[in-house]
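So this one's data_7.txt, compact mmCIF, C-alpha atoms:
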# COMPACT_ATOMS: atom_id res chain seq x y z
CA MET A 1 15.67 -73.08 25.52
CA ALA A 2 14.65 -74.12 22.02
CA ALA A 3 10.96 -74.52 23.08
CA ALA A 4 10.71 -70.90 24.39
CA LYS A 5 11.24 -69.25 21.05
CA PRO A 6 7.73 -69.91 19.60
CA ARG A 7 6.09 -68.38 22.73
CA LYS A 8 8.11 -65.19 22.25
CA ARG A 9 6.99 -65.00 18.65
CA LYS A 10 3.36 -65.48 19.80
CA GLN A 11 3.68 -62.76 22.42
CA TYR A 12 5.22 -60.41 19.81
CA ALA A 13 2.36 -61.12 17.38
CA ARG A 14 -0.26 -60.41 20.09
CA THR A 15 1.50 -57.17 21.07
CA LYS A 16 1.64 -56.06 17.44
CA SER A 17 -2.06 -56.87 16.96
CA THR A 18 -2.95 -54.94 20.13
CA LYS A 19 -1.06 -51.87 18.88
CA LYS A 20 -2.89 -52.02 15.55
CA ASP A 21 -6.26 -52.22 17.33
CA ALA A 22 -5.38 -49.27 19.56
CA SER A 23 -4.27 -47.23 16.55
CA ALA A 24 -7.50 -48.07 14.71
CA ARG A 25 -9.58 -47.05 17.74
CA ARG A 26 -7.72 -43.76 17.95
CA GLY A 27 -8.42 -43.14 14.26
CA VAL A 28 -12.13 -43.80 14.77
CA LEU A 29 -12.22 -41.49 17.78
CA VAL A 30 -10.44 -38.73 15.84
CA PHE A 31 -12.91 -39.10 12.96
CA ILE A 32 -15.88 -38.97 15.34
CA GLY A 33 -14.39 -35.90 17.04
CA LEU A 34 -13.91 -34.12 13.71
CA ALA A 35 -17.43 -35.00 12.60
CA LEU A 36 -18.91 -33.69 15.85
CA SER A 37 -16.84 -30.51 15.55
CA ALA A 38 -18.11 -29.96 12.00
CA VAL A 39 -21.71 -30.47 13.13
CA LEU A 40 -21.19 -28.07 16.02
CA LEU A 41 -19.63 -25.41 13.77
CA PHE A 42 -22.50 -25.75 11.29
CA ALA A 43 -25.02 -25.38 14.11
CA VAL A 44 -23.24 -22.27 15.40
CA TYR A 45 -23.15 -20.83 11.86
CA GLN A 46 -26.86 -21.45 11.37
CA LEU A 47 -27.66 -19.89 14.73
CA LEU A 48 -25.54 -16.86 13.93
CA ALA A 49 -27.12 -16.50 10.48
CA TYR A 50 -30.60 -16.70 11.98
CA SER A 51 -29.69 -14.16 14.65
CA LEU A 52 -28.32 -11.73 12.06
CA SER A 53 -31.36 -12.29 9.85
CA PHE A 54 -33.66 -11.62 12.79
CA PHE A 55 -31.74 -8.50 13.80
CA PHE A 56 -31.32 -7.00 10.30
CA SER A 57 -33.69 -8.48 7.69
CA ARG A 58 -36.67 -8.79 10.02
CA ASN A 59 -36.13 -5.58 11.90
CA ASP A 60 -38.63 -2.83 11.08
CA ALA A 61 -36.03 -0.23 12.02
CA PHE A 62 -34.27 -0.99 8.72
CA GLU A 63 -37.28 -0.45 6.49
CA LEU A 64 -36.20 1.27 3.27
CA LYS A 65 -37.54 4.82 3.20
CA ASN A 66 -35.09 6.80 1.08
CA ILE A 67 -33.68 5.76 -2.32
CA VAL A 68 -31.07 8.23 -3.57
CA VAL A 69 -30.03 7.54 -7.17
CA THR A 70 -27.56 9.84 -8.94
CA SER A 71 -25.87 9.73 -12.33
CA ASP A 72 -22.98 11.57 -13.95
CA GLY A 73 -24.82 11.65 -17.28
CA ARG A 74 -28.20 12.35 -18.79
CA LEU A 75 -30.27 9.59 -17.16
CA SER A 76 -32.63 11.04 -14.57
CA SER A 77 -33.13 9.70 -11.07
CA SER A 78 -36.70 8.69 -11.85
CA GLN A 79 -35.60 6.75 -14.94
CA LEU A 80 -32.93 4.88 -13.00
CA LYS A 81 -35.35 4.05 -10.18
CA GLU A 82 -37.71 2.60 -12.75
CA TYR A 83 -34.93 0.49 -14.27
CA ALA A 84 -33.86 -0.64 -10.79
CA ASN A 85 -37.41 -1.60 -9.84
CA LEU A 86 -36.91 -0.30 -6.30
CA THR A 87 -39.73 0.85 -4.05
CA PRO A 88 -39.70 2.01 -0.42
CA GLY A 89 -41.08 -0.34 2.21
CA ILE A 90 -38.83 -3.37 1.79
CA ASN A 91 -36.08 -4.12 4.26
CA LEU A 92 -32.80 -2.39 3.52
CA PHE A 93 -30.90 -5.67 3.93
CA ASP A 94 -33.20 -7.52 1.54
CA VAL A 95 -31.86 -5.48 -1.39
CA LYS A 96 -29.60 -7.78 -3.40
CA PHE A 97 -26.73 -5.73 -4.74
CA ASP A 98 -25.80 -8.15 -7.55
CA ASP A 99 -29.35 -8.22 -8.91
CA LEU A 100 -29.68 -4.45 -8.66
CA ARG A 101 -26.34 -3.92 -10.41
CA GLU A 102 -27.33 -6.35 -13.17
CA ASP A 103 -30.65 -4.55 -13.72
CA LEU A 104 -28.97 -1.18 -14.07
CA THR A 105 -26.01 -2.25 -16.22
CA SER A 106 -28.45 -3.83 -18.67
CA VAL A 107 -29.29 -0.24 -19.67
CA PRO A 108 -27.03 0.58 -22.68
CA LEU A 109 -26.02 3.98 -21.28
CA VAL A 110 -24.87 2.61 -17.90
CA GLU A 111 -21.22 1.59 -17.54
CA SER A 112 -20.87 0.94 -13.81
CA VAL A 113 -22.91 1.10 -10.59
CA HIS A 114 -21.84 1.75 -6.99
CA ILE A 115 -24.32 0.78 -4.25
CA GLN A 116 -24.15 1.62 -0.55
CA ARG A 117 -26.42 1.24 2.47
CA ARG A 118 -26.73 4.16 4.86
CA LEU A 119 -28.29 2.99 8.09
CA PRO A 120 -30.97 2.86 9.11
CA ASP A 121 -33.23 3.45 6.09
CA THR A 122 -31.36 4.83 3.05
CA LEU A 123 -29.97 3.22 -0.10
CA LEU A 124 -27.42 5.17 -2.15
CA VAL A 125 -26.93 4.28 -5.82
CA ARG A 126 -24.33 6.09 -7.96
CA VAL A 127 -24.35 5.43 -11.70
CA SER A 128 -21.51 6.13 -14.12
CA GLU A 129 -22.72 6.45 -17.70
CA ARG A 130 -20.90 5.49 -20.86
CA VAL A 131 -19.23 8.25 -22.86
CA ALA A 132 -19.58 7.99 -26.62
CA LEU A 133 -16.31 8.32 -28.55
CA ALA A 134 -17.49 7.79 -32.10
CA GLN A 135 -20.29 6.95 -34.48
CA VAL A 136 -20.22 3.63 -36.29
CA HIS A 137 -21.76 3.11 -39.71
CA TRP A 138 -22.66 -0.57 -39.73
CA LYS A 139 -25.17 -1.08 -42.53
CA TRP A 140 -26.18 0.76 -45.68
CA ARG A 141 -29.06 3.15 -45.05
CA ALA A 142 -29.08 2.29 -41.33
CA VAL A 143 -28.81 5.05 -38.72
CA PRO A 144 -25.27 5.09 -37.29
CA PHE A 145 -25.00 4.09 -33.65
CA LEU A 146 -22.69 5.57 -31.04
CA VAL A 147 -19.97 3.50 -29.36
CA ASP A 148 -17.99 3.99 -26.16
CA ARG A 149 -14.31 3.14 -25.61
CA HIS A 150 -15.14 -0.53 -25.04
CA GLY A 151 -17.11 -0.85 -28.26
CA VAL A 152 -20.47 -0.97 -26.49
CA VAL A 153 -23.26 0.27 -28.76
CA MET A 154 -25.34 3.24 -27.63
CA PRO A 155 -28.43 4.89 -29.15
CA ALA A 156 -27.87 7.71 -31.63
CA THR A 157 -28.25 11.27 -30.35
CA ARG A 158 -28.28 14.70 -31.95
CA THR A 159 -25.06 15.75 -30.22
CA GLY A 160 -23.43 12.46 -31.25
CA ARG A 161 -23.48 13.55 -34.89
CA ALA A 162 -20.40 15.68 -34.23
CA LEU A 163 -18.31 12.62 -33.26
CA PRO A 164 -15.89 10.90 -35.67
CA MET A 165 -17.45 8.32 -38.00
CA ILE A 166 -16.11 4.76 -38.23
CA GLU A 167 -16.88 3.21 -41.61
CA GLY A 168 -16.30 -0.23 -43.07
CA LEU A 169 -18.03 -2.41 -40.49
CA LYS A 170 -20.56 -4.78 -42.03
CA VAL A 171 -22.98 -6.65 -39.78
CA GLU A 172 -26.58 -7.69 -40.32
CA ASN A 173 -27.91 -6.80 -36.88
CA LEU A 174 -26.71 -4.41 -34.20
CA ARG A 175 -28.56 -3.16 -31.13
CA PRO A 176 -27.79 -0.78 -28.26
CA GLY A 177 -26.17 -2.62 -25.38
CA GLU A 178 -24.27 -5.04 -27.61
CA ARG A 179 -20.47 -4.95 -27.78
CA ILE A 180 -18.66 -4.70 -31.12
CA THR A 181 -15.67 -7.06 -31.22
CA ASN A 182 -14.36 -6.09 -34.65
CA GLU A 183 -10.60 -5.44 -34.30
CA GLY A 184 -10.66 -2.46 -36.64
CA VAL A 185 -13.42 -0.71 -34.69
CA LEU A 186 -11.68 -1.39 -31.38
CA PHE A 187 -8.37 -0.06 -32.70
CA ALA A 188 -10.02 3.12 -34.00
CA LEU A 189 -11.54 3.59 -30.53
CA LYS A 190 -8.11 2.96 -29.01
CA LEU A 191 -6.66 5.74 -31.17
CA LEU A 192 -9.40 8.12 -30.03
CA SER A 193 -9.02 7.31 -26.33
CA THR A 194 -5.21 7.52 -26.59
CA CYS A 195 -5.50 10.92 -28.27
CA THR A 196 -7.66 12.14 -25.36
CA GLU A 197 -5.40 10.63 -22.69
CA MET A 198 -2.34 12.29 -24.24
CA ARG A 199 -4.20 15.61 -24.45
CA LEU A 200 -3.74 15.86 -28.19
CA SER A 201 -7.41 16.38 -29.04
CA THR A 202 -6.98 20.10 -29.73
CA ARG A 203 -4.12 19.44 -32.19
CA ILE A 204 -5.28 16.16 -33.73
CA ARG A 205 -8.98 16.02 -34.51
CA PHE A 206 -10.25 12.86 -36.14
CA GLU A 207 -13.23 13.05 -38.48
CA ARG A 208 -13.41 9.62 -40.09
CA PHE A 209 -11.92 6.11 -39.97
CA ASP A 210 -11.97 3.76 -42.96
CA LEU A 211 -11.70 0.05 -42.07
CA ARG A 212 -11.93 -1.40 -45.58
CA TYR A 213 -8.34 -2.62 -45.73
CA PRO A 214 -7.20 -5.58 -43.59
CA ASP A 215 -3.65 -4.39 -42.83
CA TYR A 216 -4.20 -0.75 -41.95
CA ILE A 217 -6.76 1.91 -41.05
CA THR A 218 -7.06 5.20 -42.88
CA ALA A 219 -8.03 8.16 -40.72
CA THR A 220 -9.11 11.55 -42.04
CA LEU A 221 -8.32 14.53 -39.83
CA ALA A 222 -10.34 17.73 -39.54
CA ASP A 223 -7.85 19.66 -41.69
CA GLY A 224 -8.13 17.10 -44.50
CA ILE A 225 -4.94 15.15 -43.80
CA SER A 226 -5.18 11.43 -44.55
CA VAL A 227 -3.26 9.27 -42.05
CA ARG A 228 -2.55 5.58 -42.52
CA PHE A 229 -2.21 3.58 -39.26
CA PRO A 230 -1.12 -0.04 -38.82
CA ARG A 231 -3.51 -1.98 -36.60
CA HIS A 232 -1.20 -1.99 -33.59
CA SER A 233 0.89 0.28 -31.32
CA ALA A 234 -1.70 3.04 -30.94
CA ARG A 235 0.24 5.10 -28.41
CA GLU A 236 3.54 4.90 -30.30
CA LYS A 237 1.87 5.90 -33.57
CA MET A 238 0.01 8.80 -31.94
CA ILE A 239 3.31 10.14 -30.57
CA ARG A 240 4.87 9.86 -34.02
CA LEU A 241 1.88 11.56 -35.67
CA ALA A 242 2.06 14.47 -33.23
CA ARG A 243 5.79 14.93 -33.94
CA VAL A 244 5.32 14.83 -37.72
CA MET A 245 2.52 17.41 -37.58
CA GLU A 246 4.50 19.65 -35.23
CA LEU A 247 7.56 19.50 -37.49
CA ALA A 248 5.45 20.31 -40.56
CA LEU A 249 3.96 23.30 -38.75
CA GLU A 250 7.44 24.58 -37.84
CA GLN A 251 8.57 24.21 -41.47
CA GLY A 252 5.42 25.79 -42.85
CA ARG A 253 4.52 22.65 -44.82
CA ARG A 254 0.94 21.72 -45.63
CA LEU A 255 0.55 17.95 -45.37
CA LYS A 256 -1.88 15.84 -47.39
CA THR A 257 -0.94 12.29 -46.39
CA ILE A 258 1.00 10.67 -43.55
CA ASP A 259 1.94 6.98 -43.63
CA LEU A 260 2.64 5.52 -40.19
CA THR A 261 2.70 1.88 -41.31
CA PRO A 262 6.51 1.55 -41.83
CA ASP A 263 8.45 0.41 -38.76
CA GLY A 264 11.50 2.57 -39.47
CA LEU A 265 12.22 6.08 -38.23
CA ASN A 266 11.22 7.76 -41.49
CA VAL A 267 7.56 8.64 -41.96
CA PRO A 268 6.50 9.04 -45.61
CA THR A 269 4.46 12.21 -46.13
CA THR A 270 3.15 14.20 -49.04
Please re-express this file's structure in structure tokens.
Amino acid sequence: MAAAKPRKRKQYARTKSTKKDASARRGVLVFIGLALSAVLLFAVYQLLAYSLSFFFSRNDAFELKNIVVTSDGRLSSSQLKEYANLTPGINLFDVKFDDLREDLTSVPLVESVHIQRRLPDTLLVRVSERVALAQVHWKWRAVPFLVDRHGVVMPATRTGRALPMIEGLKVENLRPGERITNEGVLFALKLLSTCTEMRLSTRIRFERFDLRYPDYITATLADGISVRFPRHSAREKMIRLARVMELALEQGRRLKTIDLTPDGLNVPTT
């Protein structure tokens, strides 16, 4: 009985080794199966891509014949087509939307671009142009540029001279298409856009913003009132300004200055 024990241990060791070998073989087979599946899927993908390319990109039925470009602003269709560098004759599916969008948005007046294919031969391009909110005086004796709500610089125009002037920005170089990141300029633009959104433009008309002071912005209104704004809480301060001006109108008071920098309920006025 004592001599049989080593044989049992040997048999157990062989059985354990056999199980390990079988498990390893299964692992190898699973790996090979996954690899073959990946190769097969890649082959199917390539075949599908080639088929689609053959059907669309190499199909003469989808030759680009009509390019319809429209804008909600002053840029003409011919100007935009020139910027887009599009010509009839190429395949409709060879037009790369990202490249086309990048070409058009590089134009300072263009804010966004929507592109659509209309089968079989038409490309539709709709352009939304930037809307100038203010002028910005950036350098002594330099012509003021226009800026939109995002601070993007636009070329000066004759009609733009009627827009509020932002003063106090000092930079050496500024070109159309660049974005101004100065916090004072952006806050002044925020005040203007908030005024428009709240439909207060007929009651509160800004003429000038002075950015010289680091803690506040001084705005001059069309009726000569000087308003001091902190550089935060644009909407809250616009609501408070509208209430102060409405109350003064009801009381028959002519205001000269309004100070919105204090955080309390009282608004100092003269």
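Compared by their closest atoms to A:Asp215, and using all atoms listed in the file, the residues A:Pro108, A:Gly252, A:Pro230, A:Gly33 rank with A:Pro230 nearest.
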Checklist entry - Which one of A:Glu63, A:Glu82, A:Glu167, A:Glu102 sits closest to A:Phe145 if you count all atoms listed in the file? => result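 Once distances to A:Phe145 are computed over all atoms listed in the file, the minimum belongs to A:Glu167.
Proximity of A:Val125, A:Leu119, A:Leu249, A:Leu241 to A:Phe97, computed with all atoms listed in the file, is greatest for A:Val125.
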Checklist entry - Distance atom CA of A:Asp210-atom CA of A:Arg231, one decimal place? => result 12.0 Å
For the interface of stretch 129-152 of chain A with stretch 176-188 of chain A (cut-off 10 Å, counting all atoms listed in the file), please tabulate each contacting residue of stretch 129-152 of chain A alongside its nearest pair of atoms and their separation in Å to one decimal, rows sorted by chain and increasing number, as a Markdown table.
| residue | atom | partner | partner_atom | distance |
| --- | --- | --- | --- | --- |
| A:Leu133 | CA | A:Ala188 | CA | 9.8 |
| A:Ala134 | CA | A:Ala188 | CA | 9.0 |
| A:Val136 | CA | A:Val185 | CA | 8.2 |
| A:Phe145 | CA | A:Pro176 | CA | 7.8 |
| A:Leu146 | CA | A:Pro176 | CA | 8.6 |
| A:Val147 | CA | A:Ile180 | CA | 8.5 |
| A:Asp148 | CA | A:Arg179 | CA | 9.4 |
| A:Arg149 | CA | A:Leu186 | CA | 7.8 |
| A:His150 | CA | A:Leu186 | CA | 7.3 |
| A:Gly151 | CA | A:Ile180 | CA | 5.0 |
| A:Val152 | CA | A:Arg179 | CA | 4.2 |
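What separates atom CA of A:Ile258 from atom CA of A:Lys237 is a distance of 11.1 Å.
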Next on the checklist: So that I can check the surroundings of A:Val267, please list as a ChimeraX atom specification every protein, DNA and RNA residue that reaches within 10 Å of it, counting only C-alpha atoms and ignoring chain neighbours fewer than 4 positions away.
Outcome noted: /A:240-241,244,258-263
Item to check | Atom-to-atom span, atom CA of A:Phe229 and atom CA of A:Lys190, Å | outcome: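 For atom CA of A:Phe229 relative to atom CA of A:Lys190, the distance reads 11.8 Å.
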Item to check | Within 12 Å of A:Thr196 using only C-alpha atoms, minus same-chain residues under 5 positions, as a list of chain:residue names | outcome: A:Leu133, A:Arg149, A:Leu189, A:Lys190, A:Leu191, A:Ser201, A:Thr202, A:Arg203, A:Ile204, A:Arg205, A:Phe206, A:Arg235, A:Met238
Around all the atoms of stretch 211-226 of chain A listed in the file, draw an axis-aligned box and extend it by 5 Å on each of the six sides; I want its centre and edge lengths in Å to one decimal, as lines of an AutoDock Vina configuration file.
center_x = -7.8
center_y = 7.0
center_z = -42.6
size_x = 18.3
size_y = 35.2
size_z = 16.2
